[in-house]
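Novice: Quick one: this structure, given as structure tokens, is what I'll be asking you about.
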Amino acid sequence: MEIAKLTTKGQLTLPITIRRQMGLDAGDKIAFMEKDGEIMLINIDRISVGSPKNYNANIQNVIASMKIEGLEVEDESVRYMHDRLEGKITVEDRVAQIRRKYSKA
């Protein structure tokens, strides 16, 4: 457990171990999210799917964020995210795939 002291201005310094664990760099934005009465910190700069920094880490962060929200993440969705980031598929192609899939049902 790490402890940070709140200043009179409402500021705190996140311990280095927490910053490293969350992958925080100077200037990163943090979202505060409430779930089941607990407050969670989320590094929103790392959940951006469009960031070219590290696609796989970004996808994993998006998946983790979705799971926090109680959403299921199917393997097909993960494959789509990878394909989009690698430029292998467009949104239009994906919409056409979905239409074909469900028009056969």
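Identifiers in this document derive from the order of the structure tokens: chains are assigned A, B, ..., residues are numbered from 1 separately in each chain, and ligands are numbered from 1 in order of occurrence.
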Got a sec: who's within 8 Å of Asp28 of chain A, counting only C-alpha atoms, leaving out chain neighbours fewer than 3 positions off, as a list in words?
Specialist: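 Contacts, in chain order: Leu24, Asp25, Asn43, Ile44 and Asp45 of chain A.
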Novice: Could you go through chain A and tell me which residues DSSP, when run on the backbone, assigns to helix (DSSP H, G or I), listing them as a VMD selection string?
Specialist: chain A and resid 16 to 22 44 to 46 55 to 68 75 to 85 91 to 103
Novice: Print the selection's residues with C-alpha atoms to a file, as a compact mmCIF listing (two decimals), in the first residue's frame.
Specialist:
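Everything below was put into part07.txt:
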```txt
# COMPACT_ATOMS: atom_id res chain seq x y z
CA ILE A 16 6.90 6.61 -7.95
CA THR A 17 5.85 2.96 -7.65
CA ILE A 18 2.26 3.90 -8.56
CA ARG A 19 3.40 6.11 -11.45
CA ARG A 20 5.51 3.30 -12.84
CA GLN A 21 2.78 0.71 -12.37
CA MET A 22 0.28 2.93 -14.20
CA ILE A 44 -6.38 8.00 -20.00
CA ASP A 45 -3.37 8.75 -22.19
CA ARG A 46 -2.61 5.04 -22.30
CA TYR A 55 -0.54 -0.53 -29.77
CA ASN A 56 -0.67 -3.79 -27.82
CA ALA A 57 -0.43 -2.04 -24.44
CA ASN A 58 -3.11 0.42 -25.55
CA ILE A 59 -5.45 -2.37 -26.59
CA GLN A 60 -4.90 -4.12 -23.26
CA ASN A 61 -5.74 -0.87 -21.45
CA VAL A 62 -8.92 -0.43 -23.50
CA ILE A 63 -9.92 -4.01 -22.69
CA ALA A 64 -9.20 -3.47 -18.99
CA SER A 65 -11.27 -0.28 -19.02
CA MET A 66 -14.16 -2.07 -20.69
CA LYS A 67 -13.99 -4.88 -18.14
CA ILE A 68 -14.02 -2.33 -15.31
CA ASP A 75 -11.83 -12.29 -29.10
CA GLU A 76 -13.36 -11.02 -32.35
CA SER A 77 -13.37 -7.47 -30.96
CA VAL A 78 -9.73 -7.73 -29.93
CA ARG A 79 -8.79 -9.01 -33.41
CA TYR A 80 -10.68 -6.08 -34.94
CA MET A 81 -8.80 -3.56 -32.74
CA HIS A 82 -5.45 -5.05 -33.80
CA ASP A 83 -6.45 -5.06 -37.47
CA ARG A 84 -7.65 -1.43 -37.32
CA LEU A 85 -4.43 -0.25 -35.70
CA VAL A 91 -14.55 0.75 -40.38
CA GLU A 92 -16.49 0.36 -43.62
CA ASP A 93 -14.99 -3.12 -44.17
CA ARG A 94 -15.97 -4.13 -40.65
CA VAL A 95 -19.54 -2.87 -41.08
CA ALA A 96 -19.77 -4.92 -44.30
CA GLN A 97 -18.47 -8.02 -42.46
CA ILE A 98 -21.07 -7.61 -39.73
CA ARG A 99 -23.85 -7.13 -42.28
CA ARG A 100 -22.80 -10.31 -44.12
CA LYS A 101 -22.57 -12.25 -40.87
CA TYR A 102 -26.04 -11.32 -39.69
CA SER A 103 -27.78 -11.41 -43.07
```
Novice: DSSP says strand (DSSP E or B) for which residues of chain A? Put them as a list in words?
Specialist: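 Taking chain A and keeping strand (DSSP E or B) gives Ile30, Ala31, Phe32, Met33, Glu34, Lys35, Glu38, Ile39, Met40, Leu41, Ile42 and Asn43 of chain A.
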Novice: Work out how far apart atom CA of Ile39 of chain A and atom CA of Glu74 of chain A are and give it in Å to one decimal.
Specialist: 26.4 Å
Novice: Could you work out how far atom CA of Leu6 of chain A lies from atom CA of Gly23 of chain A, giving the answer in Å with one decimal?
Specialist: 21.7 Å
